[in-house]
file run.txt (compact mmCIF, C-alpha atoms)
# COMPACT_ATOMS: atom_id res chain seq x y z
CA MET Q 294 0.00 0.00 0.00
CA SER Q 295 1.47 3.35 -1.06
CA TYR Q 296 1.15 6.55 0.93
CA HIS Q 297 0.57 9.85 -0.86
CA PHE Q 298 2.06 12.86 0.89
CA GLU Q 299 -0.05 16.00 0.82
CA PHE Q 300 0.96 19.19 2.57
CA GLY Q 301 -1.43 21.75 1.11
CA TRP Q 302 -4.13 21.02 3.69
CA LEU Q 303 -1.77 22.14 6.47
CA LEU Q 304 -2.43 25.76 5.47
CA GLN Q 305 -5.80 25.62 7.21
CA TYR Q 306 -3.93 24.94 10.46
CA TYR Q 307 -1.65 27.94 10.05
CA PRO Q 308 -3.05 29.67 13.21
CA GLU Q 309 -2.21 26.65 15.39
CA ILE Q 310 1.25 26.25 13.88
CA SER Q 311 2.09 29.95 14.16
CA LYS Q 312 0.89 30.04 17.77
CA GLY Q 313 3.03 27.01 18.53
CA ILE Q 314 6.08 28.68 17.00
CA VAL Q 315 5.50 31.88 19.00
CA ILE Q 316 5.17 30.00 22.28
CA THR Q 317 8.27 27.92 21.50
CA LEU Q 318 10.18 31.14 20.82
CA GLU Q 319 8.93 32.56 24.12
CA LEU Q 320 10.17 29.45 25.91
CA ILE Q 321 13.56 29.88 24.25
CA LEU Q 322 13.81 33.58 25.18
CA VAL Q 323 12.63 33.29 28.78
CA GLY Q 324 14.41 30.02 29.45
CA GLY Q 325 17.64 31.20 27.82
CA VAL Q 326 17.94 34.62 29.45
CA LEU Q 327 16.78 33.65 32.94
CA GLY Q 328 18.40 30.21 32.83
CA ILE Q 329 21.83 31.60 31.96
CA SER Q 330 21.40 34.34 34.58
CA LEU Q 331 20.59 31.70 37.19
CA GLY Q 332 23.57 29.65 35.99
CA ILE Q 333 25.91 32.63 36.43
CA CYS Q 334 24.70 33.18 39.99
CA CYS Q 335 25.04 29.50 40.86
CA ALA Q 336 28.48 29.30 39.25
CA TRP Q 337 29.65 32.24 41.34
CA VAL Q 338 28.40 30.53 44.50
CA ARG Q 339 30.07 27.23 43.65
CA ALA Q 340 33.38 28.83 42.68
CA LEU Q 341 33.70 31.92 44.86
CA GLY Q 342 30.60 32.24 47.00
CA PRO Q 343 29.92 31.73 50.71
CA VAL Q 344 30.91 28.33 52.05
CA TRP Q 345 27.52 27.74 53.71
CA LEU Q 346 25.67 28.25 50.42
CA LYS Q 347 27.81 25.97 48.27
CA PRO Q 348 26.20 22.68 49.41
CA VAL Q 349 22.74 24.07 48.67
CA VAL Q 350 23.67 25.03 45.12
CA ALA Q 351 25.58 21.77 44.62
CA ALA Q 352 22.50 19.78 45.71
CA TYR Q 353 20.30 21.74 43.28
CA VAL Q 354 22.70 21.18 40.39
CA GLU Q 355 23.06 17.45 41.06
CA LEU Q 356 19.31 17.00 41.48
CA ILE Q 357 18.46 18.69 38.18
CA ARG Q 358 21.29 17.15 36.16
CA ASN Q 359 20.45 13.63 37.33
CA THR Q 360 16.68 13.63 36.88
CA PRO Q 361 14.60 13.73 33.67
CA PHE Q 362 13.35 17.10 32.48
CA LEU Q 363 9.86 15.64 32.08
CA ILE Q 364 9.75 14.66 35.77
CA GLN Q 365 10.90 18.16 36.74
CA LEU Q 366 8.12 19.61 34.59
CA PHE Q 367 5.50 17.32 36.14
CA PHE Q 368 6.71 18.17 39.64
CA ILE Q 369 6.34 21.90 38.98
CA PHE Q 370 2.96 21.66 37.24
CA PHE Q 371 1.29 18.82 39.16
CA GLY Q 372 3.26 18.80 42.43
CA LEU Q 373 3.46 22.45 43.44
CA PRO Q 374 -0.35 22.89 43.55
CA SER Q 375 -0.28 20.47 46.51
CA LEU Q 376 1.75 23.15 48.30
CA GLY Q 377 -0.71 25.85 47.30
CA LEU Q 378 1.21 27.16 44.29
CA GLN Q 379 -0.95 26.90 41.17
CA LEU Q 380 0.81 27.74 37.90
CA SER Q 381 -0.52 28.00 34.37
CA GLU Q 382 0.80 25.61 31.74
CA LEU Q 383 3.03 28.24 30.13
CA THR Q 384 4.35 29.56 33.44
CA ALA Q 385 5.19 26.04 34.60
CA ALA Q 386 6.94 25.31 31.30
CA ASN Q 387 8.98 28.53 31.53
CA LEU Q 388 9.93 27.83 35.14
CA ALA Q 389 10.97 24.26 34.34
CA MET Q 390 13.21 25.44 31.49
CA VAL Q 391 14.83 28.13 33.64
CA VAL Q 392 15.52 25.69 36.47
CA ASN Q 393 16.86 23.05 34.07
CA LEU Q 394 19.10 25.34 32.05
CA GLY Q 395 20.28 27.08 35.22
CA ALA Q 396 21.75 23.84 36.57
CA TYR Q 397 23.48 22.82 33.33
CA SER Q 398 24.79 26.30 32.56
CA CYS Q 399 26.10 26.56 36.13
CA GLU Q 400 28.55 23.72 35.55
CA ILE Q 401 29.57 25.03 32.13
CA ILE Q 402 30.22 28.53 33.47
CA ARG Q 403 32.00 27.15 36.54
CA ALA Q 404 34.41 25.36 34.22
CA GLY Q 405 35.20 28.72 32.61
CA ILE Q 406 35.77 30.30 36.01
CA GLN Q 407 38.10 27.50 37.09
CA ALA Q 408 40.12 28.03 33.92
CA THR Q 409 40.74 31.67 34.86
CA PRO Q 410 44.42 32.35 35.61
CA LYS Q 411 45.11 32.85 39.30
CA GLY Q 412 46.74 36.19 38.50
CA GLN Q 413 43.37 37.70 37.61
CA PHE Q 414 42.02 36.95 41.07
CA GLU Q 415 45.18 38.38 42.63
CA ALA Q 416 44.78 41.50 40.50
CA GLY Q 417 41.27 41.96 41.86
CA GLU Q 418 42.50 41.59 45.42
CA SER Q 419 45.28 44.12 44.80
CA LEU Q 420 42.60 46.63 43.75
CA ALA Q 421 40.75 46.03 47.03
CA LEU Q 422 37.79 44.49 45.23
CA THR Q 423 35.49 42.12 47.04
CA ARG Q 424 35.18 38.53 45.77
CA PHE Q 425 31.90 39.39 44.07
CA GLU Q 426 33.34 42.56 42.51
CA THR Q 427 36.35 40.58 41.27
CA PHE Q 428 34.00 38.04 39.73
CA ARG Q 429 31.83 40.68 38.11
CA HIS Q 430 34.51 43.02 36.76
CA VAL Q 431 37.51 40.75 36.21
CA VAL Q 432 36.46 37.10 35.87
CA LEU Q 433 32.95 36.87 34.39
CA VAL Q 434 33.43 38.10 30.82
CA PRO Q 435 36.65 36.12 30.11
CA SER Q 436 35.00 33.04 31.61
CA LEU Q 437 31.93 33.40 29.40
CA GLN Q 438 34.22 33.95 26.42
CA ARG Q 439 35.88 30.58 27.01
CA ILE Q 440 32.69 28.57 27.32
CA TRP Q 441 30.31 30.45 24.99
CA PRO Q 442 30.20 27.71 22.29
CA ALA Q 443 29.41 25.03 24.88
CA LEU Q 444 26.83 27.27 26.55
CA SER Q 445 25.22 28.01 23.18
CA SER Q 446 24.95 24.30 22.44
CA GLN Q 447 23.30 23.71 25.81
CA VAL Q 448 20.71 26.41 25.10
CA VAL Q 449 19.87 24.70 21.80
CA ILE Q 450 19.59 21.33 23.55
CA VAL Q 451 17.20 22.77 26.14
CA MET Q 452 15.16 24.41 23.38
CA LEU Q 453 14.75 21.05 21.63
CA GLY Q 454 13.90 19.43 24.95
CA SER Q 455 11.09 21.96 25.39
CA ALA Q 456 8.99 19.75 23.10
CA VAL Q 457 7.89 17.78 26.17
CA VAL Q 458 5.98 20.76 27.60
CA SER Q 459 3.11 19.69 25.37
CA GLN Q 460 2.57 16.93 27.97
CA ILE Q 461 1.07 19.54 30.31
CA ALA Q 462 -0.94 21.14 27.48
CA ALA Q 463 1.41 24.09 26.95
CA GLU Q 464 0.54 25.05 23.39
CA ASP Q 465 4.01 24.93 21.85
CA LEU Q 466 4.96 23.61 18.42
CA THR Q 467 4.75 19.96 19.45
CA PHE Q 468 1.30 20.57 20.94
CA ALA Q 469 0.24 22.03 17.59
CA ALA Q 470 1.61 19.00 15.71
CA ASN Q 471 -0.20 16.63 18.07
CA PHE Q 472 -3.41 18.62 17.67
CA ILE Q 473 -3.21 18.51 13.87
CA GLN Q 474 -2.45 14.78 13.86
CA SER Q 475 -5.38 14.06 16.16
CA ARG Q 476 -7.76 15.93 13.85
CA THR Q 477 -6.51 14.65 10.50
CA PHE Q 478 -4.79 11.32 11.32
CA ARG Q 479 -2.02 12.36 8.92
CA ALA Q 480 0.96 11.97 11.26
CA PHE Q 481 3.64 11.96 8.57
CA GLU Q 482 2.87 15.44 7.28
CA ALA Q 483 2.21 16.93 10.72
CA TYR Q 484 5.46 15.70 12.24
CA ILE Q 485 7.59 16.24 9.14
CA VAL Q 486 6.59 19.91 9.15
CA SER Q 487 7.14 20.27 12.91
CA THR Q 488 10.53 18.56 12.60
CA ALA Q 489 11.53 20.95 9.81
CA ILE Q 490 10.49 23.93 11.92
CA TYR Q 491 12.45 22.69 14.94
CA LEU Q 492 15.49 22.20 12.71
CA ALA Q 493 15.16 25.73 11.36
CA LEU Q 494 14.72 27.15 14.88
CA ALA Q 495 17.79 25.28 16.14
CA ILE Q 496 19.94 26.54 13.28
CA LEU Q 497 18.60 30.08 13.70
CA LEU Q 498 19.15 30.01 17.46
CA ARG Q 499 22.72 28.81 17.01
CA GLN Q 500 23.38 31.64 14.55
CA VAL Q 501 21.82 34.24 16.85
CA LEU Q 502 23.91 33.03 19.80
CA GLY Q 503 26.98 33.14 17.58
CA LEU Q 504 26.23 36.76 16.66
CA ILE Q 505 25.70 37.63 20.32
CA GLY Q 506 29.08 36.10 21.10
CA TRP Q 507 30.64 38.04 18.22
CA PHE Q 508 29.35 41.34 19.65
CA ILE Q 509 30.16 40.57 23.29
CA PHE Q 510 33.53 38.89 22.68
CA PRO Q 511 34.92 40.52 19.48
CA ARG Q 512 38.49 39.43 20.25
CA ARG Q 513 37.45 35.77 20.18
CA THR Q 514 36.27 35.91 16.57
CA ALA Q 515 39.24 37.98 15.49
CA ARG Q 516 41.69 35.18 16.22
call {"tool": "encode", "arguments": {"input": "run.txt", "output": "structure tokens"}}
result
Amino acid sequence: MSYHFEFGWLLQYYPEISKGIVITLELILVGGVLGISLGICCAWVRALGPVWLKPVVAAYVELIRNTPFLIQLFFIFFGLPSLGLQLSELTAANLAMVVNLGAYSCEIIRAGIQATPKGQFEAGESLALTRFETFRHVVLVPSLQRIWPALSSQVVIVMLGSAVVSQIAAEDLTFAANFIQSRTFRAFEAYIVSTAIYLALAILLRQVLGLIGWFIFPRRTAR
């Protein structure tokens, strides 16, 4: 039995597909910006922060890096209401992505900090800077410069992993593909198109992150 591919009928589902793309882009933006910011804070604590806070951050990082993202998402969406914290599907998805990326980016950024020459820390001390001021003004940018490609790859990985947020009815691109398939029973076309869009988004995101790195760290690309 032969199967005839037809894609023209997908145009009638343009509103669902476009909405799914917009929500996926929102997840990328919120998760990327806040997740990396959280990762920077956690990396500072693990590398240079107060001794009493290091075990707390270490426990958070190990918990997130050694449990499935889907379970983390379910815990936030289905578990937190038991504690009186009710979140919408999109808010829960955003929070899960921030928490997940924060843990992974923490370890990546910490590796960049640990690769910082000891002389830079000594220079900060000689200028009477606090440990946080030394981190902010002397260590942070060179550290990010070293690990930017790895951090960019992790952002792309988390973006692709966001497809599971459809499991809590967050109306992302995968939710749209599932909706179309359930209405038409034409899974090939629905998932081929969604796969192509995810591929395009991943390539675009990698290019955008590369441009951001080019503007922030011009000396890196000049070598």
call {"tool": "residues_around", "arguments": {"input": "run.txt", "residues": "Ala483 in chain Q", "least_positions_apart": "5", "cutoff": "10 Å", "atoms": "all atoms listed in the file", "output": "number ranges by chain"}}
result
Q: 300, 303, 310, 467, 469-475, 477-478, 488
call {"tool": "residues_around", "arguments": {"input": "run.txt", "residues": "Leu494 in chain Q", "least_positions_apart": "4", "cutoff": "12 Å", "atoms": "all atoms listed in the file", "output": "PyMOL selection string"}}
result
chain Q and resi 314-315+317-318+321+448-450+452-453+466+487-490+498-502
call {"tool": "closest_residue", "arguments": {"input": "run.txt", "among": "Q:Val432, Q:Leu356, Q:Gln460, Q:Gly506", "to": "Phe370 in chain Q", "atoms": "all atoms listed in the file"}}
result
Q:Gln460
call {"tool": "atom_distance", "arguments": {"input": "run.txt", "atom1": "CA of Cys399 in chain Q", "atom2": "CA of Glu382 in chain Q"}}
result
25.7 Å
call {"tool": "closest_residue", "arguments": {"input": "run.txt", "among": "Q:Leu422, Q:Leu331, Q:Ile485, Q:Leu444", "to": "Leu388 in chain Q", "atoms": "only C-alpha atoms"}}
result
Q:Leu331
call {"tool": "atom_distance", "arguments": {"input": "run.txt", "atom1": "CA of Glu426 in chain Q", "atom2": "CA of Glu355 in chain Q"}}
result
27.2 Å
call {"tool": "residues_around", "arguments": {"input": "run.txt", "residues": "Gly301 in chain Q", "least_positions_apart": "6", "cutoff": "12 Å", "atoms": "all atoms listed in the file", "output": "VMD selection string"}}
result
chain Q and resid 307 482 to 483 486
call {"tool": "closest_residue", "arguments": {"input": "run.txt", "among": "Q:Met390, Q:Ile496, Q:Ala480, Q:Ala396", "to": "Leu322 in chain Q", "atoms": "all atoms listed in the file"}}
result
Q:Met390
call {"tool": "closest_residue", "arguments": {"input": "run.txt", "among": "Q:Ala493, Q:Ala421, Q:Val354, Q:Ile406", "to": "Leu341 in chain Q", "atoms": "all atoms listed in the file"}}
result
Q:Ile406
call {"tool": "build_atoms", "arguments": {"input": "run.txt", "residues": "range 493-504 of chain Q", "atoms": "all heavy atoms", "output": "PDB file, in the frame of the given file"}}
result
ATOM      1  N   ALA Q 493      14.909  24.340  11.732  1.00  0.00           N
ATOM      2  CA  ALA Q 493      15.160  25.730  11.360  1.00  0.00           C
ATOM      3  C   ALA Q 493      15.374  26.601  12.602  1.00  0.00           C
ATOM      4  O   ALA Q 493      16.270  27.466  12.624  1.00  0.00           O
ATOM      5  CB  ALA Q 493      13.987  26.268  10.539  1.00  0.00           C
ATOM      6  N   LEU Q 494      14.569  26.371  13.650  1.00  0.00           N
ATOM      7  CA  LEU Q 494      14.720  27.150  14.880  1.00  0.00           C
ATOM      8  C   LEU Q 494      16.069  26.877  15.544  1.00  0.00           C
ATOM      9  O   LEU Q 494      16.714  27.800  16.054  1.00  0.00           O
ATOM     10  CB  LEU Q 494      13.589  26.815  15.853  1.00  0.00           C
ATOM     11  CG  LEU Q 494      12.198  27.327  15.494  1.00  0.00           C
ATOM     12  CD1 LEU Q 494      11.167  26.836  16.520  1.00  0.00           C
ATOM     13  CD2 LEU Q 494      12.168  28.847  15.413  1.00  0.00           C
ATOM     14  N   ALA Q 495      16.502  25.617  15.538  1.00  0.00           N
ATOM     15  CA  ALA Q 495      17.790  25.280  16.140  1.00  0.00           C
ATOM     16  C   ALA Q 495      18.940  25.941  15.406  1.00  0.00           C
ATOM     17  O   ALA Q 495      19.861  26.499  16.030  1.00  0.00           O
ATOM     18  CB  ALA Q 495      17.971  23.763  16.160  1.00  0.00           C
ATOM     19  N   ILE Q 496      18.898  25.894  14.077  1.00  0.00           N
ATOM     20  CA  ILE Q 496      19.940  26.540  13.280  1.00  0.00           C
ATOM     21  C   ILE Q 496      19.929  28.048  13.490  1.00  0.00           C
ATOM     22  O   ILE Q 496      20.978  28.681  13.670  1.00  0.00           O
ATOM     23  CB  ILE Q 496      19.773  26.191  11.791  1.00  0.00           C
ATOM     24  CG1 ILE Q 496      20.005  24.692  11.566  1.00  0.00           C
ATOM     25  CG2 ILE Q 496      20.722  27.011  10.924  1.00  0.00           C
ATOM     26  CD1 ILE Q 496      19.691  24.217  10.164  1.00  0.00           C
ATOM     27  N   LEU Q 497      18.725  28.632  13.491  1.00  0.00           N
ATOM     28  CA  LEU Q 497      18.600  30.080  13.700  1.00  0.00           C
ATOM     29  C   LEU Q 497      19.099  30.474  15.075  1.00  0.00           C
ATOM     30  O   LEU Q 497      19.830  31.466  15.222  1.00  0.00           O
ATOM     31  CB  LEU Q 497      17.138  30.500  13.525  1.00  0.00           C
ATOM     32  CG  LEU Q 497      16.820  31.981  13.778  1.00  0.00           C
ATOM     33  CD1 LEU Q 497      17.581  32.859  12.784  1.00  0.00           C
ATOM     34  CD2 LEU Q 497      15.318  32.227  13.674  1.00  0.00           C
ATOM     35  N   LEU Q 498      18.723  29.702  16.098  1.00  0.00           N
ATOM     36  CA  LEU Q 498      19.150  30.010  17.460  1.00  0.00           C
ATOM     37  C   LEU Q 498      20.669  29.940  17.586  1.00  0.00           C
ATOM     38  O   LEU Q 498      21.294  30.795  18.220  1.00  0.00           O
ATOM     39  CB  LEU Q 498      18.491  29.043  18.442  1.00  0.00           C
ATOM     40  CG  LEU Q 498      18.861  29.201  19.922  1.00  0.00           C
ATOM     41  CD1 LEU Q 498      18.532  30.605  20.422  1.00  0.00           C
ATOM     42  CD2 LEU Q 498      18.138  28.148  20.762  1.00  0.00           C
ATOM     43  N   ARG Q 499      21.271  28.937  16.963  1.00  0.00           N
ATOM     44  CA  ARG Q 499      22.720  28.810  17.010  1.00  0.00           C
ATOM     45  C   ARG Q 499      23.396  30.010  16.348  1.00  0.00           C
ATOM     46  O   ARG Q 499      24.408  30.532  16.835  1.00  0.00           O
ATOM     47  CB  ARG Q 499      23.162  27.516  16.345  1.00  0.00           C
ATOM     48  CG  ARG Q 499      24.576  27.079  16.704  1.00  0.00           C
ATOM     49  CD  ARG Q 499      24.891  25.739  16.061  1.00  0.00           C
ATOM     50  NE  ARG Q 499      24.036  24.684  16.568  1.00  0.00           N
ATOM     51  CZ  ARG Q 499      24.263  24.020  17.695  1.00  0.00           C
ATOM     52  NH1 ARG Q 499      25.318  24.316  18.434  1.00  0.00           N
ATOM     53  NH2 ARG Q 499      23.457  23.059  18.079  1.00  0.00           N
ATOM     54  N   GLN Q 500      22.826  30.473  15.232  1.00  0.00           N
ATOM     55  CA  GLN Q 500      23.380  31.640  14.550  1.00  0.00           C
ATOM     56  C   GLN Q 500      23.230  32.903  15.379  1.00  0.00           C
ATOM     57  O   GLN Q 500      24.146  33.730  15.470  1.00  0.00           O
ATOM     58  CB  GLN Q 500      22.694  31.821  13.188  1.00  0.00           C
ATOM     59  CG  GLN Q 500      22.952  30.710  12.191  1.00  0.00           C
ATOM     60  CD  GLN Q 500      24.420  30.594  11.831  1.00  0.00           C
ATOM     61  OE1 GLN Q 500      25.117  31.590  11.647  1.00  0.00           O
ATOM     62  NE2 GLN Q 500      24.912  29.365  11.738  1.00  0.00           N
ATOM     63  N   VAL Q 501      22.060  33.058  16.008  1.00  0.00           N
ATOM     64  CA  VAL Q 501      21.820  34.240  16.850  1.00  0.00           C
ATOM     65  C   VAL Q 501      22.788  34.259  18.027  1.00  0.00           C
ATOM     66  O   VAL Q 501      23.384  35.295  18.353  1.00  0.00           O
ATOM     67  CB  VAL Q 501      20.363  34.260  17.346  1.00  0.00           C
ATOM     68  CG1 VAL Q 501      20.174  35.315  18.434  1.00  0.00           C
ATOM     69  CG2 VAL Q 501      19.415  34.533  16.186  1.00  0.00           C
ATOM     70  N   LEU Q 502      22.973  33.107  18.679  1.00  0.00           N
ATOM     71  CA  LEU Q 502      23.910  33.030  19.800  1.00  0.00           C
ATOM     72  C   LEU Q 502      25.342  33.295  19.336  1.00  0.00           C
ATOM     73  O   LEU Q 502      26.128  33.906  20.060  1.00  0.00           O
ATOM     74  CB  LEU Q 502      23.806  31.659  20.464  1.00  0.00           C
ATOM     75  CG  LEU Q 502      22.498  31.398  21.227  1.00  0.00           C
ATOM     76  CD1 LEU Q 502      22.417  29.941  21.655  1.00  0.00           C
ATOM     77  CD2 LEU Q 502      22.373  32.323  22.431  1.00  0.00           C
ATOM     78  N   GLY Q 503      25.668  32.848  18.124  1.00  0.00           N
ATOM     79  CA  GLY Q 503      26.980  33.140  17.580  1.00  0.00           C
ATOM     80  C   GLY Q 503      27.183  34.628  17.356  1.00  0.00           C
ATOM     81  O   GLY Q 503      28.258  35.169  17.649  1.00  0.00           O
ATOM     82  N   LEU Q 504      26.148  35.310  16.859  1.00  0.00           N
ATOM     83  CA  LEU Q 504      26.230  36.760  16.660  1.00  0.00           C
ATOM     84  C   LEU Q 504      26.351  37.493  17.992  1.00  0.00           C
ATOM     85  O   LEU Q 504      27.106  38.463  18.116  1.00  0.00           O
ATOM     86  CB  LEU Q 504      25.001  37.250  15.891  1.00  0.00           C
ATOM     87  CG  LEU Q 504      24.956  36.907  14.406  1.00  0.00           C
ATOM     88  CD1 LEU Q 504      23.620  37.325  13.814  1.00  0.00           C
ATOM     89  CD2 LEU Q 504      26.100  37.590  13.664  1.00  0.00           C
TER      90      LEU Q 504
END
